[in-house]
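Below: one structure, written as structure tokens.
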Amino acid sequence: MKKTIRVSFIACMLAVSLGNTANAQKLDAAKVPDPVKAAFSKAFPTAGSVKWEMENKNYEAGFKQDGKTMSAVMDAKGVLIETETDIKVSELPKSVTDYLTVHYKGAKVKEAAIIKKASGEINYEAEVNGKDVLFNSKGEFIKEVKD
């Protein structure tokens with residue numbers, strides 16, 4: 001009985017682990033649907049060094065444009081869901097850095113970004129201790145997501 005439980009537990013943990021890594025998978029550009037590629041090219045005509053990933057049934061293009069590192073997430077029909085643009089940590093709103101100072105004492109912000117949803121909603125993201133910490137446009141904490 002104990003052996004069966006142990007084997008089941010290990011199998012379950014392996015499945016969870018594989019499921020977490022399957023959320024973002026590198027994807028050859030040839031496997032990206034034509035409507036997605038066409039919509040991306042129209043929205044980001046000067047994008048360079050484009051690399052594709054699948055993320056939760058959506059297509060994410062990582063690229064450089066106008067000297068900035070960006071990503072765009074689109075659904076299978078080519079509808080833009082959101083864009084993310086890397087920013088300097090010093091460009092985060094003061095309320096974000098104040099929050100991080102209090103709640104992540106001594107931790108260094110590894111990366112920062114501004115996220116623009118298709119709806120126009122703006123969020124900020126700070127990567128701290130291997131986690132993405134998200135804030136709304138006013139710099140108010142939303143949630144923490146394991147990176």
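Every chain in the structure tokens has a letter given in the order shown (A, B, ...), and although residue numbers restart at 1 in each chain, ligands are simply numbered from 1 in the order shown.
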
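Residues in contact with Val109 of chain A at 8 Å, where only C-alpha atoms are counted and same-chain residues fewer than 6 positions away are skipped, are listed as Val89, Ala126, Glu127, Val128 and Asn129 of chain A.
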
Exercise for review: Determine, counting only C-alpha atoms, which protein, DNA and RNA residues have an atom within 12 Å of an atom of Thr97 of chain A; residues of the same chain fewer than 2 positions away are not included. Present the result as a list in words.
Suggested key: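 Final neighbour list, sorted by chain and number: Val89, Ser90, Glu91, Leu92, Pro93, Lys94, Ser95, Tyr99, Leu100, Thr101, Val102, His103, Tyr104, Lys105, Ala107, Lys108, Val109, Ala112, Tyr124, Glu125, Ala126, Glu127, Val128, Val133, Leu134, Phe135, Gly139, Glu140 and Phe141 of chain A.
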
Can I get the selected residues back with N, CA and C atoms, as a JSON list (two decimals), in the first residue's frame?
```
[["chain", "number", "residue", "atom", "x", "y", "z"],
["A", 89, "VAL", "N", 14.64, 49.27, -14.37],
["A", 89, "VAL", "CA", 14.04, 49.19, -13.04],
["A", 89, "VAL", "C", 13.73, 50.59, -12.53],
["A", 90, "SER", "N", 14.59, 51.54, -12.86],
["A", 90, "SER", "CA", 14.38, 52.93, -12.42],
["A", 90, "SER", "C", 13.14, 53.58, -13.04],
["A", 91, "GLU", "N", 12.57, 52.95, -14.08],
["A", 91, "GLU", "CA", 11.37, 53.48, -14.73],
["A", 91, "GLU", "C", 10.08, 52.97, -14.08],
["A", 92, "LEU", "N", 10.20, 52.05, -13.13],
["A", 92, "LEU", "CA", 9.01, 51.59, -12.42],
["A", 92, "LEU", "C", 8.46, 52.74, -11.57],
["A", 93, "PRO", "N", 7.13, 52.82, -11.42],
["A", 93, "PRO", "CA", 6.57, 53.86, -10.56],
["A", 93, "PRO", "C", 7.10, 53.75, -9.13],
["A", 94, "LYS", "N", 7.16, 54.88, -8.45],
["A", 94, "LYS", "CA", 7.67, 54.92, -7.08],
["A", 94, "LYS", "C", 6.87, 53.99, -6.16],
["A", 95, "SER", "N", 5.56, 53.93, -6.36],
["A", 95, "SER", "CA", 4.73, 53.06, -5.50],
["A", 95, "SER", "C", 5.12, 51.59, -5.67],
["A", 99, "TYR", "N", 6.74, 49.37, -2.64],
["A", 99, "TYR", "CA", 6.15, 48.08, -2.28],
["A", 99, "TYR", "C", 7.23, 46.99, -2.24],
["A", 100, "LEU", "N", 8.06, 46.98, -3.27],
["A", 100, "LEU", "CA", 9.11, 45.95, -3.35],
["A", 100, "LEU", "C", 10.11, 46.10, -2.21],
["A", 101, "THR", "N", 10.44, 47.32, -1.84],
["A", 101, "THR", "CA", 11.38, 47.57, -0.74],
["A", 101, "THR", "C", 10.84, 47.01, 0.57],
["A", 102, "VAL", "N", 9.55, 47.16, 0.80],
["A", 102, "VAL", "CA", 8.93, 46.69, 2.05],
["A", 102, "VAL", "C", 8.72, 45.17, 2.04],
["A", 103, "HIS", "N", 8.19, 44.64, 0.94],
["A", 103, "HIS", "CA", 7.80, 43.23, 0.90],
["A", 103, "HIS", "C", 8.88, 42.26, 0.41],
["A", 104, "TYR", "N", 9.94, 42.78, -0.16],
["A", 104, "TYR", "CA", 11.05, 41.94, -0.65],
["A", 104, "TYR", "C", 12.36, 42.55, -0.17],
["A", 105, "LYS", "N", 12.45, 42.73, 1.12],
["A", 105, "LYS", "CA", 13.62, 43.38, 1.73],
["A", 105, "LYS", "C", 14.93, 42.78, 1.25],
["A", 107, "ALA", "N", 16.03, 42.20, -1.60],
["A", 107, "ALA", "CA", 16.01, 41.49, -2.89],
["A", 107, "ALA", "C", 16.25, 42.48, -4.03],
["A", 108, "LYS", "N", 16.93, 41.99, -5.05],
["A", 108, "LYS", "CA", 17.21, 42.82, -6.22],
["A", 108, "LYS", "C", 16.17, 42.55, -7.30],
["A", 109, "VAL", "N", 15.70, 43.60, -7.93],
["A", 109, "VAL", "CA", 14.78, 43.45, -9.06],
["A", 109, "VAL", "C", 15.64, 43.10, -10.27],
["A", 112, "ALA", "N", 12.39, 44.43, -15.28],
["A", 112, "ALA", "CA", 11.15, 45.17, -15.15],
["A", 112, "ALA", "C", 10.53, 45.32, -16.54],
["A", 124, "TYR", "N", 2.45, 46.81, -14.60],
["A", 124, "TYR", "CA", 3.90, 46.77, -14.45],
["A", 124, "TYR", "C", 4.28, 45.42, -13.89],
["A", 125, "GLU", "N", 5.47, 44.95, -14.29],
["A", 125, "GLU", "CA", 5.97, 43.66, -13.83],
["A", 125, "GLU", "C", 7.40, 43.85, -13.34],
["A", 126, "ALA", "N", 7.68, 43.26, -12.18],
["A", 126, "ALA", "CA", 9.04, 43.28, -11.65],
["A", 126, "ALA", "C", 9.41, 41.84, -11.31],
["A", 127, "GLU", "N", 10.55, 41.38, -11.82],
["A", 127, "GLU", "CA", 11.00, 40.04, -11.51],
["A", 127, "GLU", "C", 11.90, 40.10, -10.28],
["A", 128, "VAL", "N", 11.44, 39.43, -9.22],
["A", 128, "VAL", "CA", 12.15, 39.43, -7.95],
["A", 128, "VAL", "C", 12.16, 38.00, -7.40],
["A", 133, "VAL", "N", 6.21, 39.89, -10.09],
["A", 133, "VAL", "CA", 5.32, 40.62, -9.21],
["A", 133, "VAL", "C", 4.61, 41.66, -10.08],
["A", 134, "LEU", "N", 3.27, 41.57, -10.12],
["A", 134, "LEU", "CA", 2.48, 42.41, -11.01],
["A", 134, "LEU", "C", 1.76, 43.53, -10.27],
["A", 135, "PHE", "N", 1.68, 44.68, -10.94],
["A", 135, "PHE", "CA", 1.06, 45.88, -10.38],
["A", 135, "PHE", "C", 0.16, 46.52, -11.43],
["A", 139, "GLY", "N", 0.36, 51.45, -9.82],
["A", 139, "GLY", "CA", 1.46, 50.90, -9.03],
["A", 139, "GLY", "C", 0.99, 50.11, -7.83],
["A", 140, "GLU", "N", -0.27, 49.70, -7.83],
["A", 140, "GLU", "CA", -0.82, 48.91, -6.74],
["A", 140, "GLU", "C", -0.62, 47.42, -7.02],
["A", 141, "PHE", "N", -0.21, 46.69, -5.99],
["A", 141, "PHE", "CA", 0.06, 45.26, -6.11],
["A", 141, "PHE", "C", -1.18, 44.52, -6.61]]
```

Residue contacts of Lys42 of chain A (12 Å, only C-alpha atoms) excluding same-chain residues fewer than 4 positions away, as a PDB file with N, CA and C atoms, in the first residue's frame:
```pdb
ATOM      1  N   PRO A  35      -2.360  33.396 -40.087  1.00  0.00           N
ATOM      2  CA  PRO A  35      -3.040  34.591 -39.575  1.00  0.00           C
ATOM      3  C   PRO A  35      -2.273  35.259 -38.424  1.00  0.00           C
ATOM      4  N   VAL A  36      -1.595  34.462 -37.616  1.00  0.00           N
ATOM      5  CA  VAL A  36      -0.818  35.001 -36.498  1.00  0.00           C
ATOM      6  C   VAL A  36       0.399  35.748 -37.034  1.00  0.00           C
ATOM      7  N   LYS A  37       1.114  35.121 -37.958  1.00  0.00           N
ATOM      8  CA  LYS A  37       2.295  35.771 -38.538  1.00  0.00           C
ATOM      9  C   LYS A  37       1.924  37.051 -39.287  1.00  0.00           C
ATOM     10  N   ALA A  38       0.824  37.020 -40.017  1.00  0.00           N
ATOM     11  CA  ALA A  38       0.394  38.200 -40.779  1.00  0.00           C
ATOM     12  C   ALA A  38       0.007  39.339 -39.835  1.00  0.00           C
ATOM     13  N   THR A  46       8.682  46.551 -38.000  1.00  0.00           N
ATOM     14  CA  THR A  46      10.138  46.692 -37.908  1.00  0.00           C
ATOM     15  C   THR A  46      10.757  45.731 -36.903  1.00  0.00           C
ATOM     16  N   ALA A  47       9.984  44.724 -36.467  1.00  0.00           N
ATOM     17  CA  ALA A  47      10.489  43.757 -35.481  1.00  0.00           C
ATOM     18  C   ALA A  47      11.639  42.947 -36.063  1.00  0.00           C
ATOM     19  N   GLY A  78      -4.740  35.459 -34.550  1.00  0.00           N
ATOM     20  CA  GLY A  78      -3.902  36.634 -34.758  1.00  0.00           C
ATOM     21  C   GLY A  78      -4.389  37.858 -34.004  1.00  0.00           C
ATOM     22  N   VAL A  79      -5.314  37.667 -33.074  1.00  0.00           N
ATOM     23  CA  VAL A  79      -5.806  38.792 -32.271  1.00  0.00           C
ATOM     24  C   VAL A  79      -4.803  39.074 -31.152  1.00  0.00           C
ATOM     25  N   LEU A  80      -4.350  40.314 -31.084  1.00  0.00           N
ATOM     26  CA  LEU A  80      -3.369  40.706 -30.073  1.00  0.00           C
ATOM     27  C   LEU A  80      -4.005  40.694 -28.692  1.00  0.00           C
TER      28      LEU A  80
END
```

Point to revise | Backbone-only DSSP, strand (DSSP E) members of segment 89-126 of chain A, as a list of chain:residue names | key: A:Val109, A:Lys110, A:Glu111, A:Ala112, A:Ala113, A:Ile114, A:Ile115, A:Lys116, A:Lys117, A:Ile122, A:Asn123, A:Tyr124, A:Glu125, A:Ala126

Review point. Can you list, as a PyMOL selection string, every protein, DNA or RNA residue that comes within 9 Å of segment 83-87 of chain A when you count only C-alpha atoms, leaving out same-chain residues fewer than 4 positions away?
Key: chain A and resi 68-73+91-92+111-118

Could you write those residues out with N, CA and C atoms, as a PDB file, in the first residue's frame?
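The result, written out as out_22.pdb:
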```
ATOM      1  N   LYS A  68      14.266  48.224 -28.303  1.00  0.00           N
ATOM      2  CA  LYS A  68      13.641  47.692 -27.090  1.00  0.00           C
ATOM      3  C   LYS A  68      13.382  46.199 -27.236  1.00  0.00           C
ATOM      4  N   THR A  69      13.518  45.482 -26.122  1.00  0.00           N
ATOM      5  CA  THR A  69      13.179  44.065 -26.094  1.00  0.00           C
ATOM      6  C   THR A  69      11.706  43.955 -25.735  1.00  0.00           C
ATOM      7  N   MET A  70      10.950  43.244 -26.569  1.00  0.00           N
ATOM      8  CA  MET A  70       9.508  43.168 -26.404  1.00  0.00           C
ATOM      9  C   MET A  70       8.993  41.750 -26.620  1.00  0.00           C
ATOM     10  N   SER A  71       7.739  41.562 -26.266  1.00  0.00           N
ATOM     11  CA  SER A  71       7.031  40.348 -26.645  1.00  0.00           C
ATOM     12  C   SER A  71       5.584  40.711 -26.915  1.00  0.00           C
ATOM     13  N   ALA A  72       4.947  39.931 -27.774  1.00  0.00           N
ATOM     14  CA  ALA A  72       3.537  40.118 -28.099  1.00  0.00           C
ATOM     15  C   ALA A  72       2.862  38.762 -28.016  1.00  0.00           C
ATOM     16  N   VAL A  73       1.710  38.722 -27.379  1.00  0.00           N
ATOM     17  CA  VAL A  73       0.942  37.484 -27.248  1.00  0.00           C
ATOM     18  C   VAL A  73      -0.302  37.615 -28.114  1.00  0.00           C
ATOM     19  N   GLU A  91      12.570  52.950 -14.082  1.00  0.00           N
ATOM     20  CA  GLU A  91      11.375  53.480 -14.726  1.00  0.00           C
ATOM     21  C   GLU A  91      10.079  52.974 -14.082  1.00  0.00           C
ATOM     22  N   LEU A  92      10.198  52.049 -13.128  1.00  0.00           N
ATOM     23  CA  LEU A  92       9.007  51.591 -12.416  1.00  0.00           C
ATOM     24  C   LEU A  92       8.458  52.738 -11.568  1.00  0.00           C
ATOM     25  N   GLU A 111      14.535  42.158 -13.471  1.00  0.00           N
ATOM     26  CA  GLU A 111      14.025  42.745 -14.713  1.00  0.00           C
ATOM     27  C   GLU A 111      12.736  43.495 -14.413  1.00  0.00           C
ATOM     28  N   ALA A 112      12.393  44.429 -15.283  1.00  0.00           N
ATOM     29  CA  ALA A 112      11.148  45.173 -15.154  1.00  0.00           C
ATOM     30  C   ALA A 112      10.530  45.323 -16.541  1.00  0.00           C
ATOM     31  N   ALA A 113       9.198  45.421 -16.569  1.00  0.00           N
ATOM     32  CA  ALA A 113       8.502  45.564 -17.849  1.00  0.00           C
ATOM     33  C   ALA A 113       7.183  46.295 -17.660  1.00  0.00           C
ATOM     34  N   ILE A 114       6.710  46.851 -18.764  1.00  0.00           N
ATOM     35  CA  ILE A 114       5.366  47.425 -18.808  1.00  0.00           C
ATOM     36  C   ILE A 114       4.547  46.535 -19.739  1.00  0.00           C
ATOM     37  N   ILE A 115       3.370  46.154 -19.270  1.00  0.00           N
ATOM     38  CA  ILE A 115       2.490  45.264 -20.028  1.00  0.00           C
ATOM     39  C   ILE A 115       1.275  46.072 -20.470  1.00  0.00           C
ATOM     40  N   LYS A 116       0.991  46.019 -21.768  1.00  0.00           N
ATOM     41  CA  LYS A 116      -0.186  46.702 -22.305  1.00  0.00           C
ATOM     42  C   LYS A 116      -1.143  45.649 -22.840  1.00  0.00           C
ATOM     43  N   LYS A 117      -2.299  45.562 -22.222  1.00  0.00           N
ATOM     44  CA  LYS A 117      -3.339  44.621 -22.651  1.00  0.00           C
ATOM     45  C   LYS A 117      -4.063  45.212 -23.857  1.00  0.00           C
ATOM     46  N   ALA A 118      -4.695  44.361 -24.643  1.00  0.00           N
ATOM     47  CA  ALA A 118      -5.435  44.820 -25.815  1.00  0.00           C
ATOM     48  C   ALA A 118      -6.554  45.771 -25.414  1.00  0.00           C
TER      49      ALA A 118
END
```

Practice item. Based on DSSP run over this structure's backbone, return all residues of chain A in helix (DSSP H, G or I), as JSON, numbers by chain. Key: {"A": [2, 3, 4, 5, 6, 7, 8, 9, 10, 11, 12, 13, 14, 15, 16, 17, 18, 19, 20, 21, 29, 30, 31, 34, 35, 36, 37, 38, 39, 40, 41, 42, 43, 89, 90, 91, 94, 95, 96, 97, 98, 99, 100, 101, 102, 103]}

Selection file, N, CA and C atoms, as a compact mmCIF listing (two decimals), in the first residue's frame:
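Result written to again_38.txt:
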```
# COMPACT_ATOMS: atom_id res chain seq x y z
N LYS A 2 1.87 1.30 0.91
CA LYS A 2 2.75 2.48 0.98
C LYS A 2 3.49 2.67 -0.34
N LYS A 3 3.92 1.55 -0.94
CA LYS A 3 4.66 1.63 -2.19
C LYS A 3 3.79 2.21 -3.30
N THR A 4 2.51 1.81 -3.35
CA THR A 4 1.59 2.31 -4.35
C THR A 4 1.38 3.81 -4.17
N ILE A 5 1.20 4.24 -2.93
CA ILE A 5 1.01 5.66 -2.66
C ILE A 5 2.24 6.45 -3.05
N ARG A 6 3.43 5.93 -2.72
CA ARG A 6 4.67 6.61 -3.04
C ARG A 6 4.84 6.73 -4.56
N VAL A 7 4.58 5.64 -5.29
CA VAL A 7 4.70 5.67 -6.75
C VAL A 7 3.69 6.65 -7.34
N SER A 8 2.46 6.65 -6.82
CA SER A 8 1.43 7.57 -7.31
C SER A 8 1.84 9.01 -7.04
N PHE A 9 2.39 9.27 -5.86
CA PHE A 9 2.83 10.61 -5.51
C PHE A 9 3.93 11.08 -6.46
N ILE A 10 4.90 10.22 -6.71
CA ILE A 10 6.01 10.57 -7.62
C ILE A 10 5.47 10.82 -9.02
N ALA A 11 4.56 9.99 -9.49
CA ALA A 11 3.98 10.18 -10.83
C ALA A 11 3.21 11.50 -10.90
N CYS A 12 2.48 11.80 -9.83
CA CYS A 12 1.73 13.06 -9.78
C CYS A 12 2.67 14.26 -9.81
N MET A 13 3.74 14.21 -9.03
CA MET A 13 4.69 15.32 -8.99
C MET A 13 5.37 15.49 -10.34
N LEU A 14 5.68 14.39 -11.00
CA LEU A 14 6.29 14.46 -12.33
C LEU A 14 5.32 15.10 -13.32
N ALA A 15 4.05 14.73 -13.25
CA ALA A 15 3.05 15.30 -14.15
C ALA A 15 2.91 16.80 -13.91
N VAL A 16 2.89 17.20 -12.65
CA VAL A 16 2.80 18.62 -12.33
C VAL A 16 4.02 19.35 -12.85
N SER A 17 5.19 18.77 -12.66
CA SER A 17 6.42 19.39 -13.12
C SER A 17 6.43 19.54 -14.63
N LEU A 18 6.03 18.50 -15.34
CA LEU A 18 5.99 18.57 -16.80
C LEU A 18 4.94 19.56 -17.27
N GLY A 19 3.82 19.62 -16.57
CA GLY A 19 2.77 20.56 -16.91
C GLY A 19 3.24 21.99 -16.78
N ASN A 20 4.02 22.28 -15.76
CA ASN A 20 4.51 23.65 -15.56
C ASN A 20 5.50 24.04 -16.65
N THR A 21 6.32 23.11 -17.09
CA THR A 21 7.29 23.46 -18.12
C THR A 21 6.64 23.53 -19.49
N ALA A 29 9.06 28.91 -36.32
CA ALA A 29 8.22 29.89 -37.01
C ALA A 29 7.33 29.24 -38.07
N ALA A 30 7.78 28.14 -38.65
CA ALA A 30 6.99 27.45 -39.67
C ALA A 30 5.71 26.85 -39.09
N LYS A 31 5.67 26.65 -37.78
CA LYS A 31 4.49 26.07 -37.13
C LYS A 31 3.52 27.13 -36.61
N ASP A 34 -0.52 31.12 -40.28
CA ASP A 34 -0.37 32.29 -41.14
C ASP A 34 -1.12 33.52 -40.61
N PRO A 35 -2.36 33.40 -40.09
CA PRO A 35 -3.04 34.59 -39.57
C PRO A 35 -2.27 35.26 -38.42
N VAL A 36 -1.60 34.46 -37.62
CA VAL A 36 -0.82 35.00 -36.50
C VAL A 36 0.40 35.75 -37.03
N LYS A 37 1.11 35.12 -37.96
CA LYS A 37 2.30 35.77 -38.54
C LYS A 37 1.92 37.05 -39.29
N ALA A 38 0.82 37.02 -40.02
CA ALA A 38 0.39 38.20 -40.78
C ALA A 38 0.01 39.34 -39.84
N ALA A 39 -0.75 39.03 -38.79
CA ALA A 39 -1.15 40.06 -37.82
C ALA A 39 0.06 40.63 -37.09
N PHE A 40 1.00 39.75 -36.77
CA PHE A 40 2.22 40.20 -36.09
C PHE A 40 3.01 41.15 -36.99
N SER A 41 3.22 40.76 -38.24
CA SER A 41 3.98 41.59 -39.18
C SER A 41 3.33 42.95 -39.40
N LYS A 42 2.00 42.97 -39.42
CA LYS A 42 1.27 44.23 -39.61
C LYS A 42 1.42 45.12 -38.37
N ALA A 43 1.32 44.52 -37.18
CA ALA A 43 1.40 45.30 -35.94
C ALA A 43 2.82 45.74 -35.60
N VAL A 89 14.64 49.27 -14.37
CA VAL A 89 14.04 49.19 -13.04
C VAL A 89 13.73 50.59 -12.53
N SER A 90 14.59 51.54 -12.86
CA SER A 90 14.38 52.93 -12.42
C SER A 90 13.14 53.58 -13.04
N GLU A 91 12.57 52.95 -14.08
CA GLU A 91 11.37 53.48 -14.73
C GLU A 91 10.08 52.97 -14.08
N LYS A 94 7.16 54.88 -8.45
CA LYS A 94 7.67 54.92 -7.08
C LYS A 94 6.87 53.99 -6.16
N SER A 95 5.56 53.93 -6.36
CA SER A 95 4.73 53.06 -5.50
C SER A 95 5.12 51.59 -5.67
N VAL A 96 5.57 51.20 -6.86
CA VAL A 96 6.02 49.83 -7.10
C VAL A 96 7.33 49.58 -6.34
N THR A 97 8.28 50.49 -6.50
CA THR A 97 9.57 50.30 -5.83
C THR A 97 9.41 50.37 -4.31
N ASP A 98 8.50 51.22 -3.83
CA ASP A 98 8.23 51.28 -2.39
C ASP A 98 7.68 49.94 -1.89
N TYR A 99 6.74 49.37 -2.64
CA TYR A 99 6.15 48.08 -2.28
C TYR A 99 7.23 46.99 -2.24
N LEU A 100 8.06 46.98 -3.27
CA LEU A 100 9.11 45.95 -3.35
C LEU A 100 10.11 46.10 -2.21
N THR A 101 10.44 47.32 -1.84
CA THR A 101 11.38 47.57 -0.74
C THR A 101 10.84 47.01 0.57
N VAL A 102 9.55 47.16 0.80
CA VAL A 102 8.93 46.69 2.05
C VAL A 102 8.72 45.17 2.04
N HIS A 103 8.19 44.64 0.94
CA HIS A 103 7.80 43.23 0.90
C HIS A 103 8.88 42.26 0.41
```

Review point. Could you name the residues that touch Val50 of chain A at 7 Å or less, counting only C-alpha atoms, but leaving out those on the same chain fewer than 2 positions away, as a list in words?
Key: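 Contacts, with the query itself left out: Ala47, Gly48, Trp52, Ala61, Gly62 and Phe63 of chain A.
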
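When atom CA of Ser137 of chain A is paired with atom CA of Asn123 of chain A, their separation reads 5.2 Å.
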
Practice item. Have a look at atom CA of Asn56 of chain A and atom CA of Ala24 of chain A and let me know their distance in Å, one decimal. Key: 7.3 Å
